[in-house]
Amino acid sequence: MGQYLVDTNLLVDYLRGEKKTVSFLDSLGEVAVSLVSAGEIYQGAKDRKELNLITSFLSAYCKIIPCDEQISNLALGLLEKYTLSHGLLILDALIAATVMRYDLTLVTGNLKHFRMIKGLKMQSLPG
């Protein structure tokens with residue numbers, strides 16, 4: 001597994017062929033994806049052709065990290081701490097907990113969804 005976990009929004013941009021995102025993510029090498037993001041990507045498929053494209057992409061490009069007990073417990077702790085004060089949502093909490101569990105860097109276009117989480121390593125697209 002690489003040192004980066006890619007958030008759903010950048011996976012969508014990659015699959016849409018947005019050049020800046022494709023170039024940046026390709027430069028990272030092997031990346032990880034939360035089971036949550038993989039599920040969100042599958043849910044967005046419009047037809048069988050798109051579903052097959054997503055399946056091929058995820059299997060070739062990403063290591064999918066399942067949610068385990070430690071990730072679940074971390075996510076619940078994050079929700080307890082940040083849901084009222086910052087509106088943290090369950091799927092974002094699971095993604096952040098996955099990053100924390102494996103000491104990865106979250107690559108996202110939605111820094112505002114995560115910036116309140118102390119100690120979470122994050123990176124956005126450059127420039």
# chains A, B, ... in the order shown; residues from 1 in each chain; ligands from 1
call {"tool": "residues_around", "arguments": {"residues": "Ile117 of chain A", "least_positions_apart": "5", "cutoff": "9 Å", "atoms": "only C-alpha atoms", "output": "list in words"}}
result
Leu78, Tyr82 and Ala96 of chain A
call {"tool": "write_last_selection", "arguments": {"atoms": "C-alpha atoms", "output": "short mmCIF file (atom, residue, chain, number, x, y, z; two decimals), in the first residue's frame"}}
result
data_model
loop_
_atom_site.label_atom_id
_atom_site.label_comp_id
_atom_site.auth_asym_id
_atom_site.auth_seq_id
_atom_site.Cartn_x
_atom_site.Cartn_y
_atom_site.Cartn_z
CA LEU A 78 -14.30 11.47 15.76
CA TYR A 82 -16.69 16.80 15.88
CA ALA A 96 -10.48 10.01 8.32
#
call {"tool": "atom_distance", "arguments": {"atom1": "atom CA of Tyr61 of chain A", "atom2": "atom CA of Val31 of chain A"}}
result
7.1 Å
call {"tool": "atom_distance", "arguments": {"atom1": "atom CA of Leu5 of chain A", "atom2": "atom CA of Val99 of chain A"}}
result
6.6 Å
call {"tool": "closest_residue", "arguments": {"among": "A:Leu89, A:Leu15, A:Leu120, A:Ile65", "to": "Ala38 of chain A", "atoms": "only C-alpha atoms"}}
result
A:Ile65
call {"tool": "closest_residue", "arguments": {"among": "A:Glu50, A:Val22, A:Ser124, A:Leu35", "to": "Pro66 of chain A", "atoms": "only C-alpha atoms"}}
result
A:Leu35
call {"tool": "atom_distance", "arguments": {"atom1": "atom CA of Arg16 of chain A", "atom2": "atom CA of Gln3 of chain A"}}
result
23.7 Å
